[in-house]
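Let me begin by presenting the structure, written as C-alpha cells, before commenting on it.
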Amino acid sequence: MPDTQSLPVILQRLRSHYPDARYELNWEGPLQLLVATILAAQCTDERVNRVTPGLFAKYPDAGAYATANLEELEEALRPTGFYRQKARTVQAACQVLVEKFAGQVPTTMEEMLVLPGVARKTANVVLNNAFQVPTGVIVDTHVQRVSRRLGLTDQKNPEKIERDLMEAVPQEEWITFGPALVLLGRYVCTHHAPHCPDCILNDLCPKRGVAEGADAPELSDDEDTEPEEELASMAAKKTKTKAAPAKKGRAAPTAPAPSVPPAPSLQSQLPADWQTALAAEFSRPYFKQLEKFLAEERGKNTVFPPAEDVFNAFKATPFEQVKVLLLGQDPYHDDGQAHGMAFSVRPGVKAPPSLVNVYKELQDDLGCKPVAHGHLAPWARQGVLLLNAVLTVRAHEPNSHKEMGWETFTDAVIKALNGRQKPVVFLLWGAYAQKKALLIGSAKHRVLPAAHPSPLSAKKFFGSRPFSQANQALKQLGQEPIEWQLPEPSAEQAPGKASTPLPAAPVKVALRAPSPAPAVKESPTMLEGLLPPDWRQALAAEIGKPSFRALDKFLTAERASQTVFPAERDVFNAFKWLSPEQVRVVILGHEPSAEEGEADGLAFSVKPGVGATPALTTIFEELRNDLGCRIPVTPSLEDWARRGVLLLNSLLTVRAGKPGSHKDKGWEPFTDAVLKLLSARPTPVVFALWGPQAQKKAGLIDPSPHAVLTADNPGTYPERFMGSGPFSAIDDALELRGQSRVYWQLPYV
C-alpha cells in the first residue's frame with residue numbers, strides 16, 4: 001500500500017531544493033512545447049534541445065508543420081530517433097490544430113486529447129507548463145521510479161501512478177511536483193546507481209526496490225518514454241530488436257558489461273613537457289582523488305571522451321608552443337562527439353550548435369568559409385590550446401563531473417601558462433570562463449572576453465570579433481597570427497561520401513552516391529553486378545581477366561549444387577560501406593565462417609542475433625584488454641566498416657561445413673588486386689594482417705606511406721592473439737600518419 005505519511009515533508013523539501021523546477025526542454029510558447037515533448041519520446045532532452053532551435057525557426061507556427069514537406073521534416077527530426085514516426089505525429093497534430101483550433105494549442109485536457117499522438121502525459125506537460133493549468137501530475141520514467149521508491153505508489157502503469165499521486169498531492173502542487181521529481185530522478189535517484197547519501201529525501205525514503213533492483217526496466221536516466229499509442233509502438237519495436245534470439249548452442253555476447261581494466265595513470269597520459277610544467281599537481285590530494293573517481297566512474301558508466309583522448313588538447317599543442325588558449329566548460333556529452341579538444345568534434349561528426357555559431361562569427365569576422373566538419377585540430381597544431389575547464393563527463397549528463405577535481409587541474413594549466421615567459425592570448429567565452437581572468441595576473445598576456453557561442457547567448461557572441469582580435473594581439477606580441485580558415489574535408493570526408501566518424505550509435509553516416517559503372521564490352525558477370533560501382537570501376541582491369549570470369553562460373557555452379565556462405569547478396573558487404581578512397585584500415589582474415597547463418601561478408605563479423613564465434617569472442621576480449629572497450633551485445637562489426645575499416649578476407653566464399661573449399665578458385669587474385677589498389681593510393685592505409693595466410697600478403701603492400709601490422713589469427717591462435725595489442729597499434733599507426741583513431745567501441749549494455 002502507498003505510504004504518504006512523509007508526503008508533507010517531501011513536498012516542503014522539494015519546494016526548497018527545486019524552487020523553480022521546470023522541464024529541461026527549451027521552448028517559447030505552447031506549440032513549441034508540444035512539439036518538443038513529442039520529440040522527447042525515446043530521446044534525451046539535451047538532444048531535443050539541439051534540434052529545436054533550427055526546427056522552430058523553420059516552422060514558426062502550426063500551419064508551417066501542417067503543410068511541410070514530410071521528407072524535409074523527417075530529416076530535421078532525424079537526430080531525435082524514430083524520426084519518421086515523429087514527423088508524421090507532429091504534422092498530424094498540427095493539421096488538427098489548424099483545422100479545429102485555428103492553429104492554436106487548446107487549453108483543456110479534453111481538447112488536447114483530440115490531437116493525434118497526444119495522451120495524458122503530453123497534455124499535462126503542455127497544460128501545466130505553458131498555461132499553468134494543473135490538470136494532473138506528469139508521470140515520466142523518472143517520476144515512475146522515484147515515486148515507487150518513495151512508497152507513494154505501488155503501481156507500474158503510468159496512468160495508475162498518476163491517479164495515486166493526484167490523490168495524495170494537493171492540486172496546487174501538481175505543476176511543480178512532477179518537474180521536481182524528474183530532476184531528483186535524473187541527477188540523484190538514478191536508475192542504476194542512486195546516490196542515496198546525497199539525496200534530500202534520504203532519511204524519509206523507504207528505498208523500495210533499490211536493494212533488490214526491482215524497479216521496472218528503463219532506457220536510461222536521460223531518455224523518456226511516451227505512453228501514447230504511436231510512440232509506445234516505437235518502444236516495442238526497439239525492445240524487440242534488442243531481444244533477437246541467439247543461435248542455439250552458442251551464447252550471444254550479451255551480459256553485464258565486464259569490468260574495465262585499470263587505465264594508465266592520468267599523469268602518464270600527459271605529454272612529457274606538460275608533465276614537467278604541471279609536476280606539482282600530481283602529488284596533491286585532489287589529483288589522486290580525481291584519478292580514483294574517474295576509475296570508479298568508468299567502471300560503472302560511460303564516460304566521454306575515451307580515456308586515451310582526455311589529454312588530446314595537450315598532445316596536439318606542446319606547452320611552449322601555446323599561443324592562444326580557448327577555454328570551454330566541459331566536453332560534449334553525446335555519443336561520438338568529445339575527443340579531448342574544446343568545441344571540437346571528430347571528423348565526420350556533425351558540428352553542434354555552439355560550433356555552428358563559432359563558424360558564423362568566424363565568417364563575419366575574417367571572411368572564413370564555413371566547412372563541412374567540426375574538427376578543430378588544425379587550430380591546435382598552430383598553437384591554439386582547446387581547453388575545457390572540466391575534461392570528462394558522464395554520457396548524456398552535462399556537468400556531471402563538475403567539482404570532482406578537474407577545475408583545480410585546469411586552473412593550474414592557466415597559471416602555468418600565465419607564469420611562462422612567452423605571452424599567451426586568452427579567449428574566455430562566457431561568464432564561467434571569464435572568471436578565470438583572475439588567474440591571469442601578468443600584464444604581458446592578453447585577455448579577450450566574449451559571450452559564449454551557445455544558442456542561448458549567441459546574440460551577444462555575434463559581432464564580438466574574437467578571431468581578428470586574437471590575431472591582432474598576437475601581432476602586437478610579436479607572434480605569427482593563426483590561420484583560422486579550416487581546411488575542407490579530405491577525400492575521405494568529402495561531401496557526398498561517407499565520412500569516418502566515431503559514434504555511434506547514434507551518429508549516422510551518409511552513404512556515398514554511386515559512381516557510374518564503366519562500360520564493359522562483354523556481358524557483366526553475376527559477381528560484377530554485385531560489386532558496388534566505385535569498386536567495380538577501380539578494379540575494372542581485374543574484373544576483365546579470365547580468372548575472374550572463371551571464378552564467377554565456378555560460384556554459379558557451386559551455388560546450384562551446394563550451400564555456399566555468405567549469401568550471394570552479402571558476398572561484397574565489406575565493399576558496400578565505403579569507397580576505395582575512404583578506407584583507412586584493412587583488417588585481413590582468411591575466409592568466411594563455414595557454419596550456417598554466421599558469415600555476413602565482413603571478415604570476423606557475424607550476423608546480428610547469432611552467437612559470437614570463438615574468433616570473435618577472442619577479438620572482443622583483446623579489445624577490452626587493449627583499449628578498455630566494453631564487450632558488445634552484437635557480433636556484427638558493421639559499425640567498424642562504417643568508420644573506414646575494410647574487413648576483408650582473402651577468400652570471400654566457402655562451402656557450408658567445408659573450410660578451405662574455395663581455396664584456389666579465383667578469389668586470391670581478386671583480393672590481391674584490392675590490396676594492390678589500396679597500396680597504390682597516396683593516402684596512408686594501415687594494413688592489419690591477422691594470421692599466417694594474411695601475412696603472406698605483406699609483399700603486395702608498399703611500406704613507405706602505409707603501415708603493415710601483423711598478429712596471429714584470433715580463431716586459430718587465440719592465446720597468441722591475446723596480449724598483442726592490435727587495436728592500439730592500429731590507432732598509433734593512424735595518428736603517426738596524421739589520421740584520427742578508430743572508434744572501436746560497439747554497442748553494449
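Residue numbers start at 1 in each chain; chains themselves are named A, B, ... in the order of the C-alpha cells; ligands are numbered from 1 in the order shown.
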Write down as a ChimeraX atom specification the residues of stretch 252-447 of chain A whose backbone DSSP state falls under alpha helix (DSSP H).
/A:266-269,272-277,285-300,312-316,353-366,377-381,406-418,431-434
Skipping near chain neighbours, those fewer than 6 positions away, what residues fall within 9 Å of stretch 396-406 of chain A using only C-alpha atoms, listed as a PDB file with C-alpha atoms, in the first residue's frame?
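See around-v3.pdb below for the written result:
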```
ATOM      1  CA  THR A  44      17.150  12.805 -24.281  1.00  0.00           C
ATOM      2  CA  GLU A  46      19.589  17.537 -24.439  1.00  0.00           C
ATOM      3  CA  ARG A  47      19.395  16.005 -27.911  1.00  0.00           C
ATOM      4  CA  ARG A 186      17.673  12.358 -13.338  1.00  0.00           C
ATOM      5  CA  TYR A 187      20.577  13.555 -11.212  1.00  0.00           C
ATOM      6  CA  ASP A 221      18.426   8.020 -16.909  1.00  0.00           C
ATOM      7  CA  ASP A 222      18.066  10.705 -19.551  1.00  0.00           C
ATOM      8  CA  TYR A 286      42.750  16.377  -5.187  1.00  0.00           C
ATOM      9  CA  PHE A 287      44.568  14.797  -8.146  1.00  0.00           C
ATOM     10  CA  GLN A 289      41.010  11.660  -5.629  1.00  0.00           C
ATOM     11  CA  LEU A 290      40.254  12.662  -9.228  1.00  0.00           C
ATOM     12  CA  PHE A 293      36.806   8.981  -9.073  1.00  0.00           C
ATOM     13  CA  GLN A 329      33.433  24.470 -19.857  1.00  0.00           C
ATOM     14  CA  ASP A 330      33.055  20.678 -20.178  1.00  0.00           C
ATOM     15  CA  PRO A 331      33.109  18.166 -23.059  1.00  0.00           C
ATOM     16  CA  TYR A 332      30.193  17.351 -25.328  1.00  0.00           C
ATOM     17  CA  HIS A 333      28.229  14.598 -23.620  1.00  0.00           C
ATOM     18  CA  ASP A 334      26.533  12.949 -26.591  1.00  0.00           C
ATOM     19  CA  ASP A 335      27.780   9.803 -28.334  1.00  0.00           C
ATOM     20  CA  ALA A 389      37.723  23.566 -17.541  1.00  0.00           C
ATOM     21  CA  VAL A 390      36.405  20.029 -16.924  1.00  0.00           C
TER      22      VAL A 390
END
```
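With distances restricted to only C-alpha atoms, A:Ser464 is the closest residue to A:Lys360 from A:Gln269, A:Thr67, A:Ser464, A:Gln479.
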Do you know which residues are at most 8 Å from stretch 121-130 of chain A counting only C-alpha atoms, after dropping those on the same chain fewer than 3 positions away, and could you put them as a list of chain:residue names?
A:Arg22, A:Gly29, A:Pro30, A:Leu33, A:Leu34, A:Thr37, A:Ile38, A:Thr107, A:Thr108, A:Met109, A:Met112, A:Leu113, A:Val118, A:Val133, A:Pro134, A:Thr135, A:Gly136, A:Val137, A:Ile138, A:Val139, A:Asp140, A:Ile175, A:Glu226, A:Pro227
I need the residue nearest A:Gly151 from this list: A:Ser6, A:Asn69, A:Thr613, A:Ser454. Use only C-alpha atoms for the distance.
A:Ser6
Taking 5 positions as the minimum chain separation for residues in the same chain, which residues sit within 8 Å of A:Pro684 when counting only C-alpha atoms? Answer as a PDB file with N, CA and C atoms, in the first residue's frame.
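Ended up saving to out28.pdb:
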```
ATOM      1  N   ARG A 584      40.621   3.497 -44.402  1.00  0.00           N
ATOM      2  CA  ARG A 584      41.734   3.921 -43.553  1.00  0.00           C
ATOM      3  C   ARG A 584      42.494   2.731 -42.998  1.00  0.00           C
ATOM      4  N   PRO A 705      54.456   4.680 -47.552  1.00  0.00           N
ATOM      5  CA  PRO A 705      53.428   5.558 -46.980  1.00  0.00           C
ATOM      6  C   PRO A 705      52.513   4.839 -46.007  1.00  0.00           C
ATOM      7  N   HIS A 706      52.442   3.512 -46.129  1.00  0.00           N
ATOM      8  CA  HIS A 706      51.466   2.734 -45.377  1.00  0.00           C
ATOM      9  C   HIS A 706      52.110   2.058 -44.157  1.00  0.00           C
ATOM     10  N   ALA A 707      51.283   1.419 -43.351  1.00  0.00           N
ATOM     11  CA  ALA A 707      51.762   0.647 -42.200  1.00  0.00           C
ATOM     12  C   ALA A 707      51.278  -0.784 -42.339  1.00  0.00           C
ATOM     13  N   ARG A 737      50.432   8.977 -38.901  1.00  0.00           N
ATOM     14  CA  ARG A 737      50.237   9.373 -40.297  1.00  0.00           C
ATOM     15  C   ARG A 737      49.198  10.483 -40.429  1.00  0.00           C
TER      16      ARG A 737
END
```
For A:Leu678, the nearest of the candidates A:Gly478, A:Pro659, A:Pro580, A:Gly589, counting only C-alpha atoms
A:Pro580
Considering only C-alpha atoms, return as a PyMOL selection string whatever protein or nucleic-acid residues lie within 9 Å of stretch 411-414 of chain A, sequence-local ones (same chain, fewer than 3 positions apart) excluded.
chain A and resi 274+277-278+281+325+389+406-408+417-419+436+439-440
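Note that atom CA of A:Trp744 and atom CA of A:Ala612 are 16.8 Å apart.
Counting only C-alpha atoms, the residue from A:His662, A:Arg15, A:Arg84, A:His590 that sits nearest to A:Pro179 is A:Arg15.
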List as a list of chain:residue names the protein and nucleic acid residues near A:Ser468, meaning an atom at most 7 Å away when only C-alpha atoms are counted, but skip any in the same chain fewer than 3 places from it.
A:Asp365, A:Leu366, A:Arg465, A:Asn471, A:Gln472
Residues as selected, C-alpha atoms, written as a PDB file, in the first residue's frame, can you do that?
```
ATOM      1  CA  ASP A 365      34.893  38.397 -38.575  1.00  0.00           C
ATOM      2  CA  LEU A 366      37.510  37.200 -41.056  1.00  0.00           C
ATOM      3  CA  ARG A 465      35.179  39.530 -33.474  1.00  0.00           C
ATOM      4  CA  ASN A 471      45.410  37.789 -34.393  1.00  0.00           C
ATOM      5  CA  GLN A 472      45.865  41.495 -33.745  1.00  0.00           C
TER       6      GLN A 472
END
```
Test item, strand (DSSP E) assignment across stretch 264-483 of chain A, answer as a VMD selection string
chain A and resid 303 to 304 324 to 328 384 to 388 393 to 394 425 to 429 446 to 450
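Each of A:Arg381, A:Thr89, A:Pro79, A:Pro592 was compared to A:Phe319 using only C-alpha atoms, and A:Arg381 turns out to be the nearest.
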Given only C-alpha atoms, how would the per-residue table for stretch 546-591 of chain A near stretch 596-606 of chain A read, listing every residue at most 8 Å away with its closest atom pair and distance in Å to one decimal, sorted by chain and number, as JSON lines?
```
{"residue": "A:Phe565", "atom": "CA", "partner": "A:Ala599", "partner_atom": "CA", "distance": 6.2}
{"residue": "A:Pro566", "atom": "CA", "partner": "A:Ala599", "partner_atom": "CA", "distance": 5.1}
{"residue": "A:Ala567", "atom": "CA", "partner": "A:Asp600", "partner_atom": "CA", "distance": 7.7}
{"residue": "A:Asp570", "atom": "CA", "partner": "A:Gly601", "partner_atom": "CA", "distance": 5.2}
{"residue": "A:Val571", "atom": "CA", "partner": "A:Gly601", "partner_atom": "CA", "distance": 5.0}
{"residue": "A:Phe572", "atom": "CA", "partner": "A:Gly601", "partner_atom": "CA", "distance": 6.0}
{"residue": "A:Asn573", "atom": "CA", "partner": "A:Gly601", "partner_atom": "CA", "distance": 4.9}
{"residue": "A:Ala574", "atom": "CA", "partner": "A:Leu602", "partner_atom": "CA", "distance": 5.1}
{"residue": "A:Ile587", "atom": "CA", "partner": "A:Ala603", "partner_atom": "CA", "distance": 7.6}
{"residue": "A:Leu588", "atom": "CA", "partner": "A:Ala603", "partner_atom": "CA", "distance": 7.1}
{"residue": "A:Gly589", "atom": "CA", "partner": "A:Ala603", "partner_atom": "CA", "distance": 5.9}
{"residue": "A:His590", "atom": "CA", "partner": "A:Ala603", "partner_atom": "CA", "distance": 8.0}
{"residue": "A:Glu591", "atom": "CA", "partner": "A:Ala603", "partner_atom": "CA", "distance": 7.4}
```
Take the residues just selected and output them with C-alpha atoms as an mmCIF file, in the first residue's frame.
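And here's part.cif as it stands now:
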```cif
data_model
loop_
_atom_site.group_PDB
_atom_site.id
_atom_site.type_symbol
_atom_site.label_atom_id
_atom_site.label_comp_id
_atom_site.auth_asym_id
_atom_site.auth_seq_id
_atom_site.Cartn_x
_atom_site.Cartn_y
_atom_site.Cartn_z
ATOM 1 C CA PHE A 565 28.283 -18.864 -47.414
ATOM 2 C CA PRO A 566 27.744 -15.972 -47.270
ATOM 3 C CA ALA A 567 24.532 -15.474 -49.244
ATOM 4 C CA ASP A 570 26.295 -10.444 -48.951
ATOM 5 C CA VAL A 571 29.483 -11.515 -50.742
ATOM 6 C CA PHE A 572 30.717 -7.926 -51.202
ATOM 7 C CA ASN A 573 29.313 -6.430 -47.986
ATOM 8 C CA ALA A 574 32.811 -5.293 -46.936
ATOM 9 C CA ILE A 587 41.863 -5.992 -41.374
ATOM 10 C CA LEU A 588 42.675 -9.055 -43.437
ATOM 11 C CA GLY A 589 41.467 -12.505 -42.471
ATOM 12 C CA HIS A 590 41.477 -15.783 -44.390
ATOM 13 C CA GLU A 591 37.934 -16.957 -45.225
#
```
